[in-house]
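Engineer: Input: one structure, supplied below.
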4 protein chains.
Amino acid sequence: MAKKSIKKIGVLTSGGDSPGMNTAIRAVVRACSYYNIQCIGIKEGYHGLINNDMSELGPRSVKHIINRGGTFLKTARSQEFRTPEGRKKAFENFKLNELDALVVIGGDGSFTGASVFHKEFEVPFIGIPGTIDNDIFGTDATIGYDTALNTVIEAIDRIRDSATSHNRVFFVEVMGRDAGFIALNSGIASGAQDILIPEKKDSLEELLQTLERSQQAGKNSSIIVVAEGEELGNVYDLAKATQKKFPEYDIRVTVLGHIQRGGSPTCQDRVLASRLGVAAVEAILEGKSNLMAGLRSNKVVYTPIEEAIKKHNQIDEELIKVAKILAI
Amino acid sequence: MAKKSIKKIGVLTSGGDSPGMNTAIRAVVRACSYYNIQCIGIKEGYHGLINNDMSELGPRSVKHIINRGGTFLKTARSQEFRTPEGRKKAFENFKLNELDALVVIGGDGSFTGASVFHKEFEVPFIGIPGTIDNDIFGTDATIGYDTALNTVIEAIDRIRDSATSHNRVFFVEVMGRDAGFIALNSGIASGAQDILIPEKKDSLEELLQTLERSQQAGKNSSIIVVAEGEELGNVYDLAKATQKKFPEYDIRVTVLGHIQRGGSPTCQDRVLASRLGVAAVEAILEGKSNLMAGLRSNKVVYTPIEEAIKKHNQIDEELIKVAKILAI
Amino acid sequence: MAKKSIKKIGVLTSGGDSPGMNTAIRAVVRACSYYNIQCIGIKEGYHGLINNDMSELGPRSVKHIINRGGTFLKTARSQEFRTPEGRKKAFENFKLNELDALVVIGGDGSFTGASVFHKEFEVPFIGIPGTIDNDIFGTDATIGYDTALNTVIEAIDRIRDSATSHNRVFFVEVMGRDAGFIALNSGIASGAQDILIPEKKDSLEELLQTLERSQQAGKNSSIIVVAEGEELGNVYDLAKATQKKFPEYDIRVTVLGHIQRGGSPTCQDRVLASRLGVAAVEAILEGKSNLMAGLRSNKVVYTPIEEAIKKHNQIDEELIKVAKILAI
Amino acid sequence: MAKKSIKKIGVLTSGGDSPGMNTAIRAVVRACSYYNIQCIGIKEGYHGLINNDMSELGPRSVKHIINRGGTFLKTARSQEFRTPEGRKKAFENFKLNELDALVVIGGDGSFTGASVFHKEFEVPFIGIPGTIDNDIFGTDATIGYDTALNTVIEAIDRIRDSATSHNRVFFVEVMGRDAGFIALNSGIASGAQDILIPEKKDSLEELLQTLERSQQAGKNSSIIVVAEGEELGNVYDLAKATQKKFPEYDIRVTVLGHIQRGGSPTCQDRVLASRLGVAAVEAILEGKSNLMAGLRSNKVVYTPIEEAIKKHNQIDEELIKVAKILAI
């Protein structure tokens, strides 16, 4: 498709919500205004394209959202967009509203949708990584990850007060889908006795030995952080197995759940969202497409969308070593 | 028993932990020092009396704990203290350490223990209400209640960000044992669509109608707060029943769990704990016993321990009305 | 004026802002809807009446503001409203918009304005106490006071980390206008060495002795909390005088400033605002006027506005005693 | 000096305190235990070396400090250590206690001291960057920086509630010594209208134009963030100059002060402190010295101490551009 000049950009948030999405929308809107192009906010992810649910956004539309969790455009996982008919409808509205390109804020599922949409209709787009799981290649951190980490450690700090008052063992399950970033970092930061993540081969036996050793070392209470994608089992099963081996232990379980998705974004998430929102608009104005804007080594970089979807950041072995040493 | 002069007071925390217990211990310790009597910190509630696990505490022993959740003396629910033999051992250590009286920080279970202990051995004691459930008669608020309320609303504020981004219905379970104070107040404060508490006769049908009406009124997301003692059922059952009636709703469940027990106490809890700690020591010095120090209408009052144990504060009907009006 | 039926209530926020004002507006709006009357939101306090800057508010107008600090109607101190001409204009707009009564959320300055307005034009009104200073008679706490207290102790907890790391003496100034409630309660809750409030006769000599004694007792760091209305002088003067007497002390000063006015309201402030918002609307519907809705001993009460303006809550001597004992 | 085997490491915190120092100490202590060497905690920075104020620390000595701000070893700026006699005394105690190496947690002032100490007495040491200012070369972030950023944005979020309620212009001064990292990042994250940092050439005229333009664009309130090292002047002078030009503006000033130094460290600071604490001990065991352990591009790196002291991280021009675009 011949490169035409960009006059109107649509922005949407798709997939699971994460703190900082609002800040990213704000950055896209204001960057558009700064560069004298129009910005259209599309409601509920790809649903808004399919149902023609969108409206113009200007700088004053996004005042006071910089510190609000969630996304005021709302988000969704659109089954209809996964169908050719759905995408056809979406493209008709894309044209009807005279959009020239899309900024897609979401995770790899949302990027996959945009990629297919581009293949079919040559719709230019730039992706911005918005998810708490931090499982997107092409960026050191996704928007929402830092906030989720801090939500988790605040929760574990509270649980710890209770654990140490009672000489209890607490199993705490945290989010992350199939990744262990949240579990590993929050586990180190909250002094967990053990951290179970999908990327590491764990065994129930080792876990039980770790608990036994820590009791012998004089620790009366312990926190075990378990990633939701952990293969050994969910926290309830692990707690049961532990209780069976050590009937005298006082064991409790907490699944942190959806508090991890919300809250006012941290400074790092707000700055990341701001930088990537601007970077996405600038990339579109330069005629780029099929890229994800990310931050690596504190510099804005653009990664081909297929890599962003398929590749994964690796868990740092050094972090696993540090976790082990500090649990002594 | 002839009133002898008080030279040494023992202080212990018993039952479930709550934020502000440390602040209360600090107040007892420093009030003792101010009035030139010794203070002995007893470890792990009544266990410490039974196992002679206690040590002297002075003003410098409690520096830097004013804002720490939990209890550094630890707490426990002592089965052994429920037995005559256990209490006999406890009394022997009480005499061995030359204690003259006890300050017992805990809930009604702990007060019951102290009451029996007094009947058997005439051990003078004053109780201080430490529990997040706020279900103790003789005080408008228990130490830890205000902090738990704020922990809950912070969590629900986060959940709400996610609920509104996704058009979801969230069932949130909060603590309170058989009382609905936490659920009702946090429900009002977080804009819950409905609040289910043990003190109110709820019905599944009404809940489903409430949800249906709110959707019709234009609300795309809702929070339902459920007290753990709710008779209708636990949050998982309620969510299932709702999903069955409304298959198109996107429903999630969160059980907040033990984060409600910990965290840095709020200002109100720190001031309450400080006032009651001082009041307990002063009461003992005046030769009083079998009383619970509490705060009613912002004044320190002493309530006979049997009333504190048996009676209950009533849920204010006005609050229930306010919750209903504001959920419109 | 003959009592006519109430069909339309105007609500405004006036004077200094405080956390919970938004929550109170929300309660007024939804109570109006519940009772089938219209609610008009007046912008910028009395300015909105004078400049006819107001618009209708319904339940959906106030979604998502329950946990937001500040007031979305904005506030102001209107000089023009203090003049007969200004109030005449205001009354003309009051009639033009067919308002039947006003809910005035603010402090005693705002109530004075409403009282005069009523005398001149018989405009029925109910006041709701919104100010962080807690200096309004007729309520145990004003809307915003509890949040300000917690903002202060969070700040002092941070300062304390630095003070204890460095063996420093910190003077911290807090708000309160001429009242010492914030200083006294936050001082107790943050373990202040001394607390200077207008209601107590302080002397520089006593302060210096207190500091000397605490150093001798082994305390290497101290926090002195000073109310902004303290007569002895401002924190800079006090710090200078202390440095002169003790040149070897490491002394720092912090004036907390306007962080005390903002932030998400605490649970207590949200519930208070909700109850009083509903109570104000109900009072108006019952034909009442010239009253302030407040909460005393956890019950909604109405106080004649002249008393609310003129009288003052007293500082509890017991609190001053507790502060002294615990600073040992 | 011939490499002798390491058996005993001393750790100290020096210079200004910062959140995460405790977490770093904990990591050093536990890493020593893991590698079977002794760890000695030195009190009050270099003072402890000079006055022989130190004691052994084991894993249980540092339980429960992972989330505590400040440094339990205390810190100081030792004038005596700047003298040859002082350092001579320090070395004598170094030998007396049979220390083999030092871990110095602090800023460039502390590293300079260690560097001179090494030159004179060949004391092996590794530095860990602990300061909120983020002005140390060799690490993307210093320990305490992320926490300070979040403390600042929480404060500005509160101030913003008040600013928008009142149509006010707020000048907020933040720390950073001669660096603008805190101001720039917190300014972007809190939606500041303008950000004044030492690294950028600002002019009063531009500031006043910026304010005028924003008022014309419909913004009724503004936040101006000013770094403490800003050359244009301090916040009071800038506020005065602005008031003079715009007498109708409602202007307030807040100097955030020492709240920026304290508080529970964020997840990022805790993980950073943990990784660098372990890295420092490992470096010493490998016979390294005169290096600072830091994190760059998420990998642990060691930088020659002279570079860490003399060089500076540059302010990213892209961040300045983003700030400008988003202030539209």
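Here's how to read the names in the structure tokens: chain A, B, ... by the order shown, residue numbers from 1 in each chain, ligand numbers from 1 in the order shown.
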Quick one: which chain C residues come within 9 Å of chain D, and what is the nearest atom pair for each with the distance in Å to one decimal, counting only C-alpha atoms, rows ordered by chain and ascending number, as a tab-separated table?

Structural biologist:
residue	atom	partner	partner_atom	distance
C:Gly16	CA	D:His166	CA	8.2
C:Asp17	CA	D:Ser162	CA	6.4
C:Ser18	CA	D:Ser162	CA	7.8
C:Pro19	CA	D:Asp161	CA	8.5
C:Glu44	CA	D:His166	CA	7.9
C:Arg68	CA	D:Asp161	CA	8.1
C:Gly69	CA	D:Asp161	CA	5.6
C:Gly70	CA	D:Asp161	CA	4.8
C:Thr71	CA	D:Ser165	CA	5.5
C:Phe72	CA	D:Ser165	CA	6.7
C:Leu73	CA	D:Ser165	CA	7.5
C:Lys74	CA	D:Ser165	CA	4.3
C:Thr75	CA	D:His166	CA	5.7
C:Ala76	CA	D:His166	CA	6.2
C:Glu154	CA	D:Gly263	CA	8.2
C:Ala155	CA	D:Ile259	CA	5.7
C:Ile156	CA	D:Ile259	CA	7.3
C:Asp157	CA	D:Gly263	CA	6.8
C:Arg158	CA	D:Gly262	CA	4.1
C:Ile159	CA	D:Ile259	CA	5.1
C:Arg160	CA	D:Gly262	CA	7.4
C:Asp161	CA	D:Gly70	CA	4.8
C:Ser162	CA	D:Gly262	CA	5.7
C:Ala163	CA	D:Gly70	CA	8.6
C:Thr164	CA	D:Lys74	CA	7.2
C:Ser165	CA	D:Lys74	CA	4.3
C:His166	CA	D:Thr75	CA	5.7
C:Asn167	CA	D:Lys74	CA	8.0
C:Arg252	CA	D:His258	CA	8.6
C:Val253	CA	D:Gly257	CA	8.2
C:Thr254	CA	D:Gly257	CA	6.0
C:Val255	CA	D:Val255	CA	7.5
C:Leu256	CA	D:Leu256	CA	7.1
C:Gly257	CA	D:Thr254	CA	6.0
C:His258	CA	D:Ile159	CA	5.7
C:Ile259	CA	D:Ile159	CA	5.1
C:Gln260	CA	D:Arg158	CA	7.5
C:Arg261	CA	D:Ser162	CA	6.1
C:Gly262	CA	D:Arg158	CA	4.1
C:Gly263	CA	D:Arg158	CA	4.4
C:Ser264	CA	D:Arg158	CA	8.0

Engineer: In range 142-193 of chain A, what's strand (DSSP E) per DSSP? Answer as a count of residues only?

Structural biologist: 7

Engineer: What's around Cys39 in chain B at 12 Å? Count only C-alpha atoms, leave out sequence neighbours fewer than 5 positions away in its own chain, and write the answer as a ChimeraX atom specification.

Structural biologist: /B:6-12,25-34,54-59,61-62,97-103,281

Engineer: Mind writing the picked residues with N, CA and C atoms as a short mmCIF file (atom, residue, chain, number, x, y, z; two decimals), in the first residue's frame?

Structural biologist:
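Output file selection-v2.cif follows:
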data_model
loop_
_atom_site.label_atom_id
_atom_site.label_comp_id
_atom_site.auth_asym_id
_atom_site.auth_seq_id
_atom_site.Cartn_x
_atom_site.Cartn_y
_atom_site.Cartn_z
N ILE B 6 0.75 -2.82 93.23
CA ILE B 6 1.16 -3.35 91.94
C ILE B 6 2.60 -2.94 91.67
N LYS B 7 3.46 -3.93 91.44
CA LYS B 7 4.85 -3.60 91.11
C LYS B 7 5.26 -4.12 89.75
N LYS B 8 4.54 -5.18 89.27
CA LYS B 8 4.96 -5.82 88.02
C LYS B 8 3.73 -6.30 87.24
N ILE B 9 3.61 -5.79 86.01
CA ILE B 9 2.48 -6.16 85.15
C ILE B 9 2.97 -7.01 83.98
N GLY B 10 2.26 -8.08 83.71
CA GLY B 10 2.58 -8.87 82.53
C GLY B 10 1.65 -8.47 81.40
N VAL B 11 2.17 -8.42 80.16
CA VAL B 11 1.32 -8.09 79.01
C VAL B 11 1.47 -9.19 77.96
N LEU B 12 0.35 -9.57 77.36
CA LEU B 12 0.39 -10.60 76.31
C LEU B 12 -0.64 -10.30 75.22
N ILE B 25 1.04 -2.72 72.94
CA ILE B 25 2.11 -3.23 73.81
C ILE B 25 3.02 -2.07 74.22
N ARG B 26 3.39 -1.28 73.22
CA ARG B 26 4.27 -0.12 73.47
C ARG B 26 3.66 0.80 74.52
N ALA B 27 2.36 1.04 74.40
CA ALA B 27 1.69 1.93 75.35
C ALA B 27 1.70 1.34 76.75
N VAL B 28 1.47 0.05 76.86
CA VAL B 28 1.48 -0.60 78.17
C VAL B 28 2.88 -0.50 78.78
N VAL B 29 3.89 -0.82 77.96
CA VAL B 29 5.28 -0.79 78.46
C VAL B 29 5.66 0.61 78.95
N ARG B 30 5.35 1.61 78.16
CA ARG B 30 5.78 2.96 78.54
C ARG B 30 4.94 3.54 79.68
N ALA B 31 3.67 3.13 79.74
CA ALA B 31 2.85 3.59 80.87
C ALA B 31 3.40 2.99 82.16
N CYS B 32 3.79 1.73 82.11
CA CYS B 32 4.40 1.09 83.28
C CYS B 32 5.63 1.87 83.71
N SER B 33 6.48 2.20 82.75
CA SER B 33 7.70 2.92 83.07
C SER B 33 7.37 4.28 83.67
N TYR B 34 6.41 4.94 83.11
CA TYR B 34 5.99 6.26 83.60
C TYR B 34 5.53 6.20 85.03
N MET B 54 8.96 -15.38 79.02
CA MET B 54 8.68 -13.96 79.18
C MET B 54 9.95 -13.21 79.54
N SER B 55 9.96 -11.93 79.33
CA SER B 55 11.13 -11.13 79.66
C SER B 55 10.73 -9.68 79.92
N GLU B 56 11.59 -8.98 80.64
CA GLU B 56 11.27 -7.60 81.01
C GLU B 56 11.33 -6.69 79.79
N LEU B 57 10.42 -5.75 79.74
CA LEU B 57 10.40 -4.77 78.65
C LEU B 57 10.48 -3.37 79.24
N GLY B 58 11.34 -2.55 78.62
CA GLY B 58 11.43 -1.15 79.02
C GLY B 58 11.16 -0.26 77.83
N PRO B 59 11.14 1.07 78.03
CA PRO B 59 10.80 1.99 76.95
C PRO B 59 11.64 1.78 75.68
N SER B 61 12.81 -1.01 74.67
CA SER B 61 12.48 -2.29 74.03
C SER B 61 11.44 -2.11 72.94
N VAL B 62 10.69 -1.02 73.03
CA VAL B 62 9.56 -0.87 72.11
C VAL B 62 9.73 0.32 71.17
N ASN B 97 7.37 -15.47 88.61
CA ASN B 97 7.90 -14.21 88.08
C ASN B 97 7.42 -12.99 88.87
N GLU B 98 6.70 -13.26 89.92
CA GLU B 98 6.21 -12.19 90.81
C GLU B 98 5.34 -11.17 90.10
N LEU B 99 4.56 -11.66 89.14
CA LEU B 99 3.64 -10.74 88.46
C LEU B 99 2.49 -10.40 89.41
N ASP B 100 1.96 -9.19 89.24
CA ASP B 100 0.84 -8.77 90.08
C ASP B 100 -0.47 -8.71 89.30
N ALA B 101 -0.35 -8.54 87.99
CA ALA B 101 -1.56 -8.43 87.17
C ALA B 101 -1.22 -8.65 85.70
N LEU B 102 -2.26 -8.82 84.91
CA LEU B 102 -2.07 -9.04 83.47
C LEU B 102 -2.83 -8.02 82.65
N VAL B 103 -2.22 -7.63 81.53
CA VAL B 103 -2.97 -6.92 80.50
C VAL B 103 -3.09 -7.90 79.35
N VAL B 281 -3.21 0.12 82.11
CA VAL B 281 -2.24 0.20 83.21
C VAL B 281 -2.80 1.04 84.36
#

Engineer: So, counting only C-alpha atoms, which residue among A:Gly20, A:Gly48, A:Gly233, A:Gly130 is closest to Gly109 in chain A?

Structural biologist: A:Gly130

Engineer: Hey, can you check how far CA of Phe125 in chain C sits from CA of Glu80 in chain C?

Structural biologist: 19.5 Å

Engineer: Write out as a PDB file with N, CA and C atoms, in the first residue's frame which residues come within 7 Å of range 86-96 of chain B when counting only C-alpha atoms, dropping same-chain ones fewer than 5 positions away.

Structural biologist:
ATOM      1  N   LEU B  49       2.850 -17.938  79.401  1.00  0.00           N
ATOM      2  CA  LEU B  49       2.614 -18.114  80.832  1.00  0.00           C
ATOM      3  C   LEU B  49       2.851 -19.585  81.202  1.00  0.00           C
ATOM      4  N   ILE B  50       2.347 -20.464  80.347  1.00  0.00           N
ATOM      5  CA  ILE B  50       2.466 -21.890  80.632  1.00  0.00           C
ATOM      6  C   ILE B  50       3.919 -22.356  80.550  1.00  0.00           C
ATOM      7  N   ASN B  52       6.610 -20.402  80.749  1.00  0.00           N
ATOM      8  CA  ASN B  52       7.523 -19.444  81.386  1.00  0.00           C
ATOM      9  C   ASN B  52       8.413 -18.762  80.344  1.00  0.00           C
ATOM     10  N   GLU B  80      -3.819 -25.608  75.565  1.00  0.00           N
ATOM     11  CA  GLU B  80      -3.437 -26.040  76.903  1.00  0.00           C
ATOM     12  C   GLU B  80      -4.044 -25.115  77.968  1.00  0.00           C
ATOM     13  N   PHE B  81      -4.170 -23.839  77.673  1.00  0.00           N
ATOM     14  CA  PHE B  81      -4.701 -22.904  78.658  1.00  0.00           C
ATOM     15  C   PHE B  81      -6.179 -23.149  78.915  1.00  0.00           C
ATOM     16  N   PHE B 117      -9.284 -17.702  84.398  1.00  0.00           N
ATOM     17  CA  PHE B 117      -8.020 -17.654  85.148  1.00  0.00           C
ATOM     18  C   PHE B 117      -8.198 -16.839  86.436  1.00  0.00           C
TER      19      PHE B 117
END

Engineer: What's around range 177-187 of chain C at 6 Å? Count only C-alpha atoms, leave out sequence neighbours fewer than 6 positions away in its own chain, and write the answer as a PyMOL selection string.

Structural biologist: chain C and resi 149+153+197+225+227+229

Engineer: Output N, CA and C atoms of each residue in that selection to a file, as an mmCIF file, in the first residue's frame.

Structural biologist:
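What ended up in out_27.cif:
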data_model
loop_
_atom_site.group_PDB
_atom_site.id
_atom_site.type_symbol
_atom_site.label_atom_id
_atom_site.label_comp_id
_atom_site.auth_asym_id
_atom_site.auth_seq_id
_atom_site.Cartn_x
_atom_site.Cartn_y
_atom_site.Cartn_z
ATOM 1 N N LEU C 149 -4.979 12.973 58.726
ATOM 2 C CA LEU C 149 -4.202 12.339 59.793
ATOM 3 C C LEU C 149 -3.314 11.235 59.225
ATOM 4 N N ILE C 153 0.788 10.880 59.179
ATOM 5 C CA ILE C 153 1.604 9.834 59.799
ATOM 6 C C ILE C 153 2.427 9.055 58.775
ATOM 7 N N ILE C 197 0.724 22.522 70.346
ATOM 8 C CA ILE C 197 -0.577 22.909 69.801
ATOM 9 C C ILE C 197 -1.054 24.212 70.423
ATOM 10 N N VAL C 225 6.304 17.558 66.640
ATOM 11 C CA VAL C 225 5.204 17.938 65.752
ATOM 12 C C VAL C 225 4.637 19.285 66.202
ATOM 13 N N ALA C 227 1.763 22.297 65.409
ATOM 14 C CA ALA C 227 0.561 22.731 64.690
ATOM 15 C C ALA C 227 0.814 24.104 64.074
ATOM 16 N N GLY C 229 -0.926 26.614 63.885
ATOM 17 C CA GLY C 229 -1.443 27.735 64.665
ATOM 18 C C GLY C 229 -0.717 27.934 65.991
#

Engineer: As a VMD selection string, please: all residues of range 9-151 of chain C that backbone DSSP puts in alpha helix (DSSP H).

Structural biologist: chain C and resid 21 to 34 46 to 50 84 to 96 108 to 121 145 to 151

Engineer: Store the residues picked out above, limited to C-alpha atoms, as a compact mmCIF listing (two decimals), in the first residue's frame.

Structural biologist:
# COMPACT_ATOMS: atom_id res chain seq x y z
CA MET C 21 -15.85 16.06 49.40
CA ASN C 22 -16.35 14.11 46.16
CA THR C 23 -17.79 11.21 48.15
CA ALA C 24 -20.20 13.58 49.87
CA ILE C 25 -21.32 15.09 46.56
CA ARG C 26 -21.92 11.57 45.25
CA ALA C 27 -24.06 10.76 48.28
CA VAL C 28 -26.14 13.92 47.85
CA VAL C 29 -26.64 13.22 44.15
CA ARG C 30 -27.68 9.62 44.64
CA ALA C 31 -29.90 10.35 47.61
CA CYS C 32 -31.70 12.95 45.49
CA SER C 33 -32.19 10.35 42.77
CA TYR C 34 -33.39 7.80 45.29
CA TYR C 46 -20.70 30.38 45.84
CA HIS C 47 -19.11 31.62 42.60
CA GLY C 48 -21.31 29.18 40.74
CA LEU C 49 -24.42 30.69 42.25
CA ILE C 50 -23.28 34.20 41.42
CA PRO C 84 -25.00 42.11 49.49
CA GLU C 85 -24.80 42.64 45.73
CA GLY C 86 -23.09 39.31 45.28
CA ARG C 87 -25.68 37.50 47.31
CA LYS C 88 -28.45 39.25 45.43
CA LYS C 89 -27.07 37.95 42.17
CA ALA C 90 -26.75 34.53 43.73
CA PHE C 91 -30.35 34.53 44.80
CA GLU C 92 -31.50 35.55 41.36
CA ASN C 93 -29.77 32.52 39.89
CA PHE C 94 -31.13 30.39 42.70
CA LYS C 95 -34.62 31.35 41.58
CA LEU C 96 -33.77 31.26 37.88
CA ASP C 108 -17.42 27.46 59.13
CA GLY C 109 -16.71 30.22 56.62
CA SER C 110 -19.00 28.53 54.12
CA PHE C 111 -21.67 27.99 56.79
CA THR C 112 -21.53 31.66 57.74
CA GLY C 113 -22.20 32.56 54.13
CA ALA C 114 -25.15 30.19 53.95
CA SER C 115 -26.51 31.53 57.21
CA VAL C 116 -26.46 35.12 56.00
CA PHE C 117 -27.92 34.03 52.65
CA HIS C 118 -30.78 32.39 54.51
CA LYS C 119 -31.42 35.45 56.67
CA GLU C 120 -31.65 37.65 53.58
CA PHE C 121 -33.53 35.39 51.20
CA TYR C 145 -9.77 14.86 58.91
CA ASP C 146 -9.08 11.13 59.09
CA THR C 147 -7.43 11.14 55.66
CA ALA C 148 -5.24 14.12 56.59
CA LEU C 149 -4.20 12.34 59.79
CA ASN C 150 -3.10 9.30 57.82
CA THR C 151 -1.31 11.40 55.21

Engineer: What is the CA of Ala192 in chain C-CA of Lys324 in chain C distance in Å, reported with one decimal?

Structural biologist: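 One can read the CA of Ala192 in chain C to CA of Lys324 in chain C distance as 9.5 Å.
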